[in-house]
Amino acid sequence: MHSLSYYLFSWHRWLSRLCRSALSGASVALLSPTLLFLLILLAAVALTGCGQRTVEGGQAQPADGTALAAPTTTDALSDLPDTSTAVPPAPTADLPPAPTLTAFAALTVIPVPTDIPGLQATHIARATASPFPTAEVEPVRTAQPSGAVVESAYRAGLSLELRLAGDSYLVGENGRAEITLRNDSSTLLFGGNIQLLVQDDAGRSVDPWLLMPGPRGGWPGQNRFAGMLRPLEPGQSISRTLTFQMPALDSARGHTYTARAAAQLSRADIQHPDRSDNVPANVQTALVQLRVVGSTTQQRLKAELQANRQGYTLRVTGEDGKPVAGPLWGALDVDSGRGSMSGPLQDSASGVWTSGWDEYLTQDGTPLQLRIWVAARGYLPATVEQTIPGTGAGADRQAPPPIYTPVPTVVP
């Protein structure tokens, strides 16, 4: 490579000769466009080498002698056009922080199930082995000064108690039973499906209500989820109050009747201790013999109903008009054809109920069909029906027909 001084000296000498030729009358054709192009090209080559010199190894260095960093692949390609089709990486400076797993999210993560061979067989074997045998029943009857009958049964730390007001009932009387299922153990158990079984000697169950409800139901004791087993911590209990309707004289003649309480229990799942192992075992009390006796006209309830489109008032007394020793219970059903409401009446010590109607029952003026039955210990129950006329455009509509089947209660 020539130095800058050498290039400048050569250009000066060549230009001097050119000028002398032109001045001496030589042909101006020498200054053709081709010549001008060559001059420009030579000047560009000279400028690119200006300020650098080579050292051993062929590496270029600045003219002042300072070292020049070795070229890298990035430096070599930095001036080339970007022909890459790959998606450039997203900037990370402005990205939001990664979400933190909350406690709720951590709890809702479903763990991978662990396969325990023979788990169900183990549950069944445990449920049928001592001290939790299927055939274990420990009924105990407790005498009550008030004449009430209390029958209890125990199994695996779970107690089942049946409480009746007595063992003697009128023909056609509606009775009640209080059933309590309690965990008396020190571990978690599961219990439920509480039932009251009142049957005759042929195994036929009596009706639970005086008026059997229609498909929508709602009388006392009707519970859609009663068959489910729920967890019972040590000391916890669940109770239900269920009714039973003794048959009329014609149906009861020549038969004997018994009552018992039944329920189901299970232990905790081995793999998931907070769940039932789904191996229910039955627990039931011993049979209580019920005596069925006749009634007199003084053992009837008398119901007086005052109702309009604002609400109703129900008063219940004995046949002689005197108050009845409570509690009194019963159920109500009201139907407008557009909507309905049915359910138990709250226990009353005085025999008086007062309430208003929900707006959806009366807003379109449709007639209301009202049906109520009430009962008390030692009395034949009473029923009452009333049609409340409609108003406005709905005044001409007919009240809906009854949806229940009355249970006959014939007084001998």
# chains A, B, ... in the order shown; residues from 1 in each chain; ligands from 1
>>> select_by_dssp(residues="stretch 248-410 of chain A", states="strand (DSSP E or B)", output="ChimeraX atom specification")
/A:257-266,268,276,281-284,288-293,300-307,311-318,328-335,340-348,352-356,368-376,380,382-388,405-406
>>> select_by_dssp(residues="stretch 198-399 of chain A", states="alpha helix (DSSP H)", output="NGL selection string")
:A and (249-252 or 359-362)
>>> write_last_selection(atoms="N, CA, C and O atoms", output="mmCIF file, in the first residue's frame")
data_model
loop_
_atom_site.group_PDB
_atom_site.id
_atom_site.type_symbol
_atom_site.label_atom_id
_atom_site.label_comp_id
_atom_site.auth_asym_id
_atom_site.auth_seq_id
_atom_site.Cartn_x
_atom_site.Cartn_y
_atom_site.Cartn_z
ATOM 1 N N LEU A 249 -110.399 -45.569 61.049
ATOM 2 C CA LEU A 249 -110.833 -46.766 61.742
ATOM 3 C C LEU A 249 -110.952 -47.963 60.813
ATOM 4 O O LEU A 249 -110.499 -49.065 61.151
ATOM 5 N N ASP A 250 -111.546 -47.777 59.639
ATOM 6 C CA ASP A 250 -111.742 -48.898 58.723
ATOM 7 C C ASP A 250 -110.418 -49.518 58.303
ATOM 8 O O ASP A 250 -110.315 -50.737 58.135
ATOM 9 N N SER A 251 -109.406 -48.688 58.123
ATOM 10 C CA SER A 251 -108.098 -49.200 57.699
ATOM 11 C C SER A 251 -107.292 -49.741 58.870
ATOM 12 O O SER A 251 -106.474 -50.649 58.698
ATOM 13 N N ALA A 252 -107.515 -49.198 60.062
ATOM 14 C CA ALA A 252 -106.712 -49.609 61.208
ATOM 15 C C ALA A 252 -107.264 -50.845 61.907
ATOM 16 O O ALA A 252 -106.531 -51.513 62.641
ATOM 17 N N GLU A 359 -96.332 -11.131 46.624
ATOM 18 C CA GLU A 359 -96.907 -10.325 45.549
ATOM 19 C C GLU A 359 -97.180 -11.146 44.294
ATOM 20 O O GLU A 359 -98.160 -10.903 43.584
ATOM 21 N N TYR A 360 -96.340 -12.124 43.996
ATOM 22 C CA TYR A 360 -96.513 -12.882 42.757
ATOM 23 C C TYR A 360 -97.818 -13.684 42.742
ATOM 24 O O TYR A 360 -98.282 -14.097 41.685
ATOM 25 N N LEU A 361 -98.404 -13.922 43.923
ATOM 26 C CA LEU A 361 -99.642 -14.694 43.979
ATOM 27 C C LEU A 361 -100.864 -13.849 43.630
ATOM 28 O O LEU A 361 -101.882 -14.387 43.179
ATOM 29 N N THR A 362 -100.798 -12.555 43.836
ATOM 30 C CA THR A 362 -101.990 -11.708 43.698
ATOM 31 C C THR A 362 -101.878 -10.631 42.625
ATOM 32 O O THR A 362 -102.853 -9.933 42.353
#
>>> closest_residue(among="A:Gly390, A:Gly157, A:Glu304, A:Gly330", to="A:Pro208", atoms="only C-alpha atoms")
A:Gly330
>>> residues_around(residues="A:Ile372", least_positions_apart="4", cutoff="8 Å", atoms="only C-alpha atoms", output="list in words")
Gly330, Ala331, Leu332, Asp333, Thr383, Val384 and Glu385 of chain A
>>> write_last_selection(atoms="C-alpha atoms", output="mmCIF file, in the first residue's frame")
data_model
loop_
_atom_site.group_PDB
_atom_site.id
_atom_site.type_symbol
_atom_site.label_atom_id
_atom_site.label_comp_id
_atom_site.auth_asym_id
_atom_site.auth_seq_id
_atom_site.Cartn_x
_atom_site.Cartn_y
_atom_site.Cartn_z
ATOM 1 C CA GLY A 330 -99.673 -28.087 60.106
ATOM 2 C CA ALA A 331 -99.125 -27.008 56.520
ATOM 3 C CA LEU A 332 -100.501 -24.561 53.980
ATOM 4 C CA ASP A 333 -100.935 -24.672 50.213
ATOM 5 C CA THR A 383 -108.631 -29.231 57.395
ATOM 6 C CA VAL A 384 -109.968 -26.028 55.849
ATOM 7 C CA GLU A 385 -110.329 -24.840 52.267
#
>>> closest_residue(among="A:Gly175, A:Gly318, A:Gly337, A:Gly378", to="A:Gly351", atoms="only C-alpha atoms")
A:Gly318
>>> residues_around(residues="A:Gln245", least_positions_apart="5", cutoff="9 Å", atoms="only C-alpha atoms", output="list of chain:residue names")
A:Gly172, A:Glu173, A:Asn174, A:Gly175, A:Arg176, A:Val206, A:Asp207, A:Pro208, A:Trp209, A:Leu210, A:Val407
>>> write_last_selection(atoms="N, CA and C atoms", output="PDB file, in the first residue's frame")
ATOM      1  N   GLY A 172    -106.706 -41.960  63.236  1.00  0.00           N
ATOM      2  CA  GLY A 172    -106.754 -40.748  62.423  1.00  0.00           C
ATOM      3  C   GLY A 172    -105.940 -39.587  62.964  1.00  0.00           C
ATOM      4  N   GLU A 173    -105.185 -39.784  64.046  1.00  0.00           N
ATOM      5  CA  GLU A 173    -104.376 -38.702  64.604  1.00  0.00           C
ATOM      6  C   GLU A 173    -103.094 -38.513  63.793  1.00  0.00           C
ATOM      7  N   ASN A 174    -102.648 -37.282  63.737  1.00  0.00           N
ATOM      8  CA  ASN A 174    -101.365 -36.989  63.119  1.00  0.00           C
ATOM      9  C   ASN A 174    -100.323 -36.805  64.216  1.00  0.00           C
ATOM     10  N   GLY A 175     -99.321 -37.663  64.225  1.00  0.00           N
ATOM     11  CA  GLY A 175     -98.287 -37.611  65.253  1.00  0.00           C
ATOM     12  C   GLY A 175     -96.973 -37.085  64.709  1.00  0.00           C
ATOM     13  N   ARG A 176     -96.081 -36.810  65.627  1.00  0.00           N
ATOM     14  CA  ARG A 176     -94.754 -36.316  65.250  1.00  0.00           C
ATOM     15  C   ARG A 176     -93.683 -37.093  65.998  1.00  0.00           C
ATOM     16  N   VAL A 206     -97.575 -46.111  56.763  1.00  0.00           N
ATOM     17  CA  VAL A 206     -98.669 -45.146  56.849  1.00  0.00           C
ATOM     18  C   VAL A 206     -98.246 -43.878  56.121  1.00  0.00           C
ATOM     19  N   ASP A 207     -99.217 -43.033  55.801  1.00  0.00           N
ATOM     20  CA  ASP A 207     -98.915 -41.756  55.151  1.00  0.00           C
ATOM     21  C   ASP A 207     -98.284 -40.807  56.164  1.00  0.00           C
ATOM     22  N   PRO A 208     -97.368 -39.960  55.698  1.00  0.00           N
ATOM     23  CA  PRO A 208     -96.745 -39.020  56.640  1.00  0.00           C
ATOM     24  C   PRO A 208     -97.586 -37.780  56.909  1.00  0.00           C
ATOM     25  N   TRP A 209     -98.548 -37.441  56.019  1.00  0.00           N
ATOM     26  CA  TRP A 209     -99.301 -36.202  56.166  1.00  0.00           C
ATOM     27  C   TRP A 209    -100.799 -36.465  56.061  1.00  0.00           C
ATOM     28  N   LEU A 210    -101.555 -35.534  56.553  1.00  0.00           N
ATOM     29  CA  LEU A 210    -103.001 -35.634  56.448  1.00  0.00           C
ATOM     30  C   LEU A 210    -103.455 -35.424  55.003  1.00  0.00           C
ATOM     31  N   VAL A 407    -106.517 -37.843  53.310  1.00  0.00           N
ATOM     32  CA  VAL A 407    -106.492 -39.114  54.057  1.00  0.00           C
ATOM     33  C   VAL A 407    -107.737 -39.158  54.932  1.00  0.00           C
TER      34      VAL A 407
END
>>> residues_around(residues="A:Asp320", least_positions_apart="2", cutoff="10 Å", atoms="only C-alpha atoms", output="JSON, numbers by chain")
{"A": [297, 298, 299, 300, 301, 302, 317, 318, 322, 323]}
>>> write_last_selection(atoms="C-alpha atoms", output="tab-separated table (two decimals), in the first residue's frame")
chain	number	residue	atom	x	y	z
A	297	THR	CA	-116.19	-35.81	69.39
A	298	GLN	CA	-114.42	-33.65	71.98
A	299	GLN	CA	-111.05	-34.72	70.56
A	300	ARG	CA	-111.45	-32.83	67.33
A	301	LEU	CA	-109.75	-29.64	66.29
A	302	LYS	CA	-111.85	-26.75	65.02
A	317	THR	CA	-109.36	-24.50	69.08
A	318	GLY	CA	-110.91	-27.62	70.43
A	322	LYS	CA	-111.38	-23.73	74.18
A	323	PRO	CA	-107.66	-23.31	73.50
>>> closest_residue(among="A:Arg230, A:Arg260, A:Arg163, A:Arg377", to="A:Ala325", atoms="only C-alpha atoms")
A:Arg377
>>> closest_residue(among="A:Ala286, A:Ala268, A:Leu189, A:Val198", to="A:Thr256", atoms="only C-alpha atoms")
A:Val198
>>> residues_around(residues="A:Thr354", least_positions_apart="6", cutoff="7 Å", atoms="only C-alpha atoms", output="ChimeraX atom specification")
/A:312-314
>>> atom_distance(atom1="atom CA of A:Ala165", atom2="atom CA of A:Gln199")
17.5 Å
>>> residues_around(residues="A:Gln363", least_positions_apart="6", cutoff="12 Å", atoms="only C-alpha atoms", output="list in words")
Arg309, Gln310, Ser336, Arg338, Gly339, Trp357, Gly390, Thr391, Gly392, Ala393 and Gly394 of chain A
>>> write_last_selection(atoms="N, CA and C atoms", output="mmCIF file, in the first residue's frame")
data_model
loop_
_atom_site.group_PDB
_atom_site.id
_atom_site.type_symbol
_atom_site.label_atom_id
_atom_site.label_comp_id
_atom_site.auth_asym_id
_atom_site.auth_seq_id
_atom_site.Cartn_x
_atom_site.Cartn_y
_atom_site.Cartn_z
ATOM 1 N N ARG A 309 -107.362 -11.078 49.736
ATOM 2 C CA ARG A 309 -106.226 -10.962 48.841
ATOM 3 C C ARG A 309 -105.019 -10.288 49.495
ATOM 4 N N GLN A 310 -105.179 -9.859 50.731
ATOM 5 C CA GLN A 310 -104.044 -9.303 51.463
ATOM 6 C C GLN A 310 -103.337 -10.347 52.328
ATOM 7 N N SER A 336 -102.563 -20.032 42.659
ATOM 8 C CA SER A 336 -103.290 -19.065 41.850
ATOM 9 C C SER A 336 -103.400 -19.491 40.392
ATOM 10 N N ARG A 338 -101.129 -19.299 38.362
ATOM 11 C CA ARG A 338 -99.922 -18.672 37.814
ATOM 12 C C ARG A 338 -98.712 -18.906 38.722
ATOM 13 N N GLY A 339 -98.986 -19.112 39.989
ATOM 14 C CA GLY A 339 -97.936 -19.344 40.966
ATOM 15 C C GLY A 339 -98.514 -20.067 42.165
ATOM 16 N N TRP A 357 -99.744 -12.482 51.734
ATOM 17 C CA TRP A 357 -99.379 -13.218 50.532
ATOM 18 C C TRP A 357 -98.196 -12.552 49.841
ATOM 19 N N GLY A 390 -111.043 -13.526 42.488
ATOM 20 C CA GLY A 390 -110.086 -12.722 41.757
ATOM 21 C C GLY A 390 -110.578 -11.300 41.587
ATOM 22 N N THR A 391 -109.742 -10.477 41.021
ATOM 23 C CA THR A 391 -110.076 -9.064 40.786
ATOM 24 C C THR A 391 -109.678 -8.680 39.370
ATOM 25 N N GLY A 392 -110.308 -7.634 38.866
ATOM 26 C CA GLY A 392 -109.936 -7.099 37.565
ATOM 27 C C GLY A 392 -110.157 -8.100 36.449
ATOM 28 N N ALA A 393 -109.184 -8.164 35.532
ATOM 29 C CA ALA A 393 -109.293 -9.049 34.375
ATOM 30 C C ALA A 393 -109.271 -10.517 34.771
ATOM 31 N N GLY A 394 -108.739 -10.839 35.961
ATOM 32 C CA GLY A 394 -108.658 -12.238 36.376
ATOM 33 C C GLY A 394 -109.831 -12.687 37.218
#
